[in-house]
Structures are given as structure tokens and as C-alpha cells.
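Listing of data26.pdb, PDB, C-alpha atoms
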ATOM      1  CA  MET A   1     -17.476   9.656 -11.592
ATOM      2  CA  CYS A   2     -16.231   8.103  -8.388
ATOM      3  CA  LEU A   3     -12.546   8.611  -7.751
ATOM      4  CA  THR A   4     -11.086   5.195  -6.922
ATOM      5  CA  ARG A   5      -7.672   3.908  -5.981
ATOM      6  CA  GLU A   6      -7.638   1.882  -9.216
ATOM      7  CA  THR A   7      -8.315   5.011 -11.287
ATOM      8  CA  VAL A   8      -5.482   6.874  -9.567
ATOM      9  CA  ILE A   9      -3.092   3.939 -10.070
ATOM     10  CA  GLU A  10      -3.951   3.706 -13.760
ATOM     11  CA  ARG A  11      -3.292   7.416 -14.186
ATOM     12  CA  LEU A  12       0.019   7.176 -12.310
ATOM     13  CA  LYS A  13       1.077   4.449 -14.728
ATOM     14  CA  GLU A  14       1.056   7.176 -17.384
ATOM     15  CA  VAL A  15       3.778   9.163 -15.566
ATOM     16  CA  TYR A  16       7.237   8.041 -16.648
ATOM     17  CA  ASP A  17      10.738   8.584 -15.342
ATOM     18  CA  PRO A  18      12.224  10.167 -18.485
ATOM     19  CA  GLU A  19      15.672   8.671 -17.896
ATOM     20  CA  LEU A  20      14.544   5.088 -17.310
ATOM     21  CA  GLY A  21      11.403   5.015 -19.456
ATOM     22  CA  VAL A  22       9.397   3.206 -16.743
ATOM     23  CA  ASN A  23       6.311   4.591 -15.028
ATOM     24  CA  VAL A  24       6.369   5.702 -11.391
ATOM     25  CA  MET A  25       4.158   2.813 -10.246
ATOM     26  CA  ASP A  26       6.278   0.084 -11.833
ATOM     27  CA  LEU A  27       9.453   1.735 -10.550
ATOM     28  CA  GLY A  28       8.046   1.489  -7.027
ATOM     29  CA  LEU A  29       8.312   5.220  -6.418
ATOM     30  CA  ILE A  30       4.821   5.584  -4.922
ATOM     31  CA  TYR A  31       4.928   4.726  -1.224
ATOM     32  CA  ARG A  32       1.506   5.932  -0.083
ATOM     33  CA  MET A  33      -1.727   7.104  -1.615
ATOM     34  CA  ASP A  34      -4.672   8.591   0.268
ATOM     35  CA  ILE A  35      -7.872   9.584  -1.505
ATOM     36  CA  LYS A  36     -10.665  11.376   0.326
ATOM     37  CA  ASN A  37     -13.492  13.535  -1.007
ATOM     38  CA  GLY A  38     -11.639  14.428  -4.196
ATOM     39  CA  HIS A  39      -8.373  15.200  -2.429
ATOM     40  CA  ILE A  40      -5.369  13.023  -3.250
ATOM     41  CA  PHE A  41      -2.233  12.786  -1.121
ATOM     42  CA  ILE A  42       0.760  10.986  -2.609
ATOM     43  CA  GLU A  43       3.902  10.096  -0.721
ATOM     44  CA  MET A  44       6.649   9.119  -3.098
ATOM     45  CA  THR A  45      10.366   8.953  -3.555
ATOM     46  CA  LEU A  46      12.772   9.189  -6.460
ATOM     47  CA  THR A  47      15.572   6.876  -7.510
ATOM     48  CA  THR A  48      18.232   9.204  -6.078
ATOM     49  CA  PRO A  49      18.104  12.205  -3.729
ATOM     50  CA  GLY A  50      19.907  14.408  -6.252
ATOM     51  CA  CYS A  51      17.650  13.403  -9.138
ATOM     52  CA  PRO A  52      17.851  16.201 -11.728
ATOM     53  CA  LEU A  53      14.312  15.377 -12.876
ATOM     54  CA  HIS A  54      12.773  15.822  -9.412
ATOM     55  CA  ASP A  55      10.452  18.661 -10.454
ATOM     56  CA  THR A  56       9.578  17.054 -13.791
ATOM     57  CA  ILE A  57       8.438  13.797 -12.196
ATOM     58  CA  VAL A  58       6.594  15.418  -9.279
ATOM     59  CA  ASN A  59       4.846  17.866 -11.611
ATOM     60  CA  GLY A  60       3.974  14.963 -13.915
ATOM     61  CA  VAL A  61       2.264  13.194 -11.023
ATOM     62  CA  LYS A  62       0.355  16.334 -10.041
ATOM     63  CA  SER A  63      -0.684  17.093 -13.599
ATOM     64  CA  ALA A  64      -1.811  13.532 -14.342
ATOM     65  CA  LEU A  65      -3.951  13.352 -11.211
ATOM     66  CA  ASN A  66      -5.349  16.878 -11.453
ATOM     67  CA  SER A  67      -6.708  16.016 -14.887
ATOM     68  CA  LEU A  68      -8.968  13.294 -13.443
ATOM     69  CA  PRO A  69     -12.642  14.196 -13.010
ATOM     70  CA  SER A  70     -13.706  14.801  -9.409
ATOM     71  CA  VAL A  71     -10.205  15.780  -8.216
ATOM     72  CA  GLU A  72     -10.240  18.818  -5.959
ATOM     73  CA  SER A  73      -6.552  18.857  -5.028
ATOM     74  CA  VAL A  74      -3.346  16.871  -5.280
ATOM     75  CA  GLU A  75      -0.538  17.023  -2.745
ATOM     76  CA  VAL A  76       2.752  15.243  -3.391
ATOM     77  CA  ASN A  77       5.294  14.735  -0.630
ATOM     78  CA  VAL A  78       8.723  13.440  -1.652
ATOM     79  CA  VAL A  79      10.430  11.375   1.036
ATOM     80  CA  TRP A  80      13.795   9.642   1.225
ATOM     81  CA  ASP A  81      13.052   7.136   3.954
ATOM     82  CA  PRO A  82      12.904   4.348   3.202
ATOM     83  CA  PRO A  83      15.383   4.853   0.392
ATOM     84  CA  TRP A  84      14.400   3.550  -3.015
ATOM     85  CA  THR A  85      16.175   0.403  -4.190
ATOM     86  CA  PRO A  86      15.860  -1.582  -7.434
ATOM     87  CA  GLU A  87      14.043  -4.304  -5.479
ATOM     88  CA  LYS A  88      10.993  -2.009  -5.458
ATOM     89  CA  ILE A  89      10.598  -2.319  -9.252
ATOM     90  CA  SER A  90       7.596  -4.393 -10.334
ATOM     91  CA  PRO A  91       8.008  -7.494 -12.500
ATOM     92  CA  GLU A  92       6.710  -5.479 -15.459
ATOM     93  CA  GLY A  93       9.266  -2.735 -14.824
ATOM     94  CA  ARG A  94      12.055  -5.287 -14.494
ATOM     95  CA  GLU A  95      11.077  -6.807 -17.817
ATOM     96  CA  TRP A  96      11.069  -3.391 -19.490
ATOM     97  CA  LEU A  97      14.521  -2.615 -18.063
ATOM     98  CA  GLY A  98      15.858  -6.035 -19.083
ATOM     99  CA  PHE A  99      16.438  -7.342 -15.547
TER
END
Here is the file; what I need is its structure written in the form of C-alpha cells.
Amino acid sequence: MCLTRETVIERLKEVYDPELGVNVMDLGLIYRMDIKNGHIFIEMTLTTPGCPLHDTIVNGVKSALNSLPSVESVEVNVVWDPPWTPEKISPEGREWLGF
């Protein structure tokens, strides 16, 4: 199986922020995604720097991606610049949150 950007995105849509009930893609938490030879690098943020679910969400991303066939490694880097804002939420996420 070829590891594609679309496959990775679909898998990331299965990782939810437990407090908001919206997946990390629709929340706009994923800033960058590099896929090369079975190695995935994700640059992401969280809704707040002091997020108590930091480890839960990051480990959810790693676990979801590591379970894909052909994945050799997953690296997740959490960044705070640019800061996350509600404007990053997708139309689907906004609908789910009632915006």
C-alpha cells in the first residue's frame, strides 16, 4: 500500500480533541505534514499552550499514524507559532461546534 497524504489526512480525522469533540484536522491543529519513504513528520499545535490533554492528543496522532501500513516512523513536533485561533477551524468543525 502506498502511503499518501490523503490516507494520512483521513487517519488524522479519527483523532479527536476530547474536550471539544472535533478532530485535529477540522480544528486546524495540523500545520505541516511531510511524508517520505514511510516516515511521517507532523508539525502541529494545540488550542492553548497549557492544554492539559497535550500528551493525549499528541499520542493519539502518533498511534493513529503508526497503525497505517507502510509507516516506518512518526515524529510529532508541537509548535506555538503561529498561535492557534478559532479561525483555523474548518467549516465542518464550525458546524459541529455550533458556530
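Distance check against Glu19 in chain A using only C-alpha atoms: of A:Pro52, A:Pro82, A:Gly98, A:Pro91, the minimum falls on A:Pro52.
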### Message
When you count only C-alpha atoms, which of these residues is closest to His39 in chain A: A:Asp17, A:Asp55, A:Glu10, A:Glu75?
### Response
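The shortest atom-to-atom distance to His39 in chain A comes from A:Glu75.
With distances restricted to all atoms listed in the file, A:Val15 is the closest residue to Thr56 in chain A from A:Val74, A:Ile35, A:Val15, A:Leu20.
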### Message
I'd like the contact shell of Arg11 in chain A - 9 Å cut-off, all atoms listed in the file, skipping same-chain residues fewer than 5 positions apart - returned as JSON, numbers by chain.
### Response
{"A": [6, 61, 64, 65, 68]}
#### Entry: Coordinates-based distance that separates CA of Leu29 in chain A from CA of Thr45 in chain A (Å, one decimal)
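One can read the CA of Thr45 in chain A to CA of Leu29 in chain A distance as 5.1 Å.
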### Query
For Leu12 in chain A, which residue among A:Thr85, A:Ser70, A:Asn59, A:Asn77 is the nearest when counting only C-alpha atoms?
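Selected residue with least distance to Leu12 in chain A: A:Asn59.
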### Message
Residues within 9 Å of (13.6, 8.4, -8.0), file coordinates, counting all atoms listed in the file: what are they? Give the list as a VMD selection string.
### Response
chain A and resid 17 24 27 to 29 44 to 51 53 to 54 57 84
Reconstructed N, CA, C and O atoms for range 40-64 of chain A, given as a CSV table (one decimal), in the frame of the given file:
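File written: out-v7.csv
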chain,number,residue,atom,x,y,z
A,40,ILE,N,-6.3,14.1,-3.1
A,40,ILE,CA,-5.4,13.0,-3.2
A,40,ILE,C,-4.1,13.4,-2.6
A,40,ILE,O,-3.5,14.5,-2.9
A,41,PHE,N,-3.6,12.6,-1.7
A,41,PHE,CA,-2.2,12.8,-1.1
A,41,PHE,C,-1.3,11.6,-1.6
A,41,PHE,O,-1.7,10.5,-1.4
A,42,ILE,N,-0.2,12.0,-2.1
A,42,ILE,CA,0.8,11.0,-2.6
A,42,ILE,C,2.1,11.2,-1.8
A,42,ILE,O,2.6,12.3,-1.7
A,43,GLU,N,2.6,10.1,-1.3
A,43,GLU,CA,3.9,10.1,-0.7
A,43,GLU,C,4.8,9.2,-1.6
A,43,GLU,O,4.4,8.1,-1.9
A,44,MET,N,5.8,9.8,-2.1
A,44,MET,CA,6.6,9.1,-3.1
A,44,MET,C,8.1,9.4,-2.9
A,44,MET,O,8.5,10.3,-2.1
A,45,THR,N,8.9,8.7,-3.6
A,45,THR,CA,10.4,9.0,-3.6
A,45,THR,C,10.9,9.0,-5.0
A,45,THR,O,10.1,8.9,-5.9
A,46,LEU,N,12.1,9.2,-5.1
A,46,LEU,CA,12.8,9.2,-6.5
A,46,LEU,C,13.9,8.2,-6.4
A,46,LEU,O,14.3,7.8,-5.3
A,47,THR,N,14.5,7.9,-7.5
A,47,THR,CA,15.6,6.9,-7.5
A,47,THR,C,16.8,7.4,-6.8
A,47,THR,O,17.6,6.5,-6.2
A,48,THR,N,17.1,8.7,-6.8
A,48,THR,CA,18.2,9.2,-6.1
A,48,THR,C,17.9,10.6,-5.5
A,48,THR,O,17.1,11.3,-6.1
A,49,PRO,N,18.4,10.9,-4.3
A,49,PRO,CA,18.1,12.2,-3.7
A,49,PRO,C,18.5,13.4,-4.6
A,49,PRO,O,17.8,14.4,-4.6
A,50,GLY,N,19.5,13.3,-5.4
A,50,GLY,CA,19.9,14.4,-6.3
A,50,GLY,C,19.3,14.3,-7.7
A,50,GLY,O,19.9,15.0,-8.6
A,51,CYS,N,18.2,13.6,-7.8
A,51,CYS,CA,17.6,13.4,-9.1
A,51,CYS,C,17.4,14.7,-9.9
A,51,CYS,O,16.7,15.6,-9.4
A,52,PRO,N,18.0,14.9,-11.0
A,52,PRO,CA,17.9,16.2,-11.7
A,52,PRO,C,16.4,16.4,-12.3
A,52,PRO,O,16.1,17.5,-12.7
A,53,LEU,N,15.7,15.3,-12.3
A,53,LEU,CA,14.3,15.4,-12.9
A,53,LEU,C,13.2,15.4,-11.8
A,53,LEU,O,12.1,15.2,-12.0
A,54,HIS,N,13.7,15.8,-10.6
A,54,HIS,CA,12.8,15.8,-9.4
A,54,HIS,C,11.5,16.6,-9.8
A,54,HIS,O,10.4,16.1,-9.6
A,55,ASP,N,11.6,17.8,-10.2
A,55,ASP,CA,10.5,18.7,-10.5
A,55,ASP,C,9.6,18.1,-11.6
A,55,ASP,O,8.4,18.2,-11.6
A,56,THR,N,10.3,17.6,-12.6
A,56,THR,CA,9.6,17.1,-13.8
A,56,THR,C,8.7,15.9,-13.4
A,56,THR,O,7.5,15.8,-13.8
A,57,ILE,N,9.2,15.0,-12.6
A,57,ILE,CA,8.4,13.8,-12.2
A,57,ILE,C,7.3,14.2,-11.2
A,57,ILE,O,6.2,13.8,-11.4
A,58,VAL,N,7.6,15.0,-10.2
A,58,VAL,CA,6.6,15.4,-9.3
A,58,VAL,C,5.5,16.2,-10.0
A,58,VAL,O,4.3,16.0,-9.8
A,59,ASN,N,5.9,17.1,-10.9
A,59,ASN,CA,4.8,17.9,-11.6
A,59,ASN,C,4.0,17.0,-12.6
A,59,ASN,O,2.9,17.2,-12.8
A,60,GLY,N,4.7,15.9,-13.1
A,60,GLY,CA,4.0,15.0,-13.9
A,60,GLY,C,2.9,14.2,-13.1
A,60,GLY,O,1.8,14.0,-13.6
A,61,VAL,N,3.2,13.9,-11.9
A,61,VAL,CA,2.3,13.2,-11.0
A,61,VAL,C,1.1,14.1,-10.7
A,61,VAL,O,-0.1,13.8,-10.9
A,62,LYS,N,1.4,15.4,-10.4
A,62,LYS,CA,0.4,16.3,-10.0
A,62,LYS,C,-0.5,16.6,-11.2
A,62,LYS,O,-1.8,16.6,-11.1
A,63,SER,N,0.1,16.8,-12.4
A,63,SER,CA,-0.7,17.1,-13.6
A,63,SER,C,-1.6,15.9,-14.0
A,63,SER,O,-2.8,16.1,-14.3
A,64,ALA,N,-1.0,14.7,-14.0
A,64,ALA,CA,-1.8,13.5,-14.3
A,64,ALA,C,-3.0,13.4,-13.4
A,64,ALA,O,-4.1,13.1,-13.9
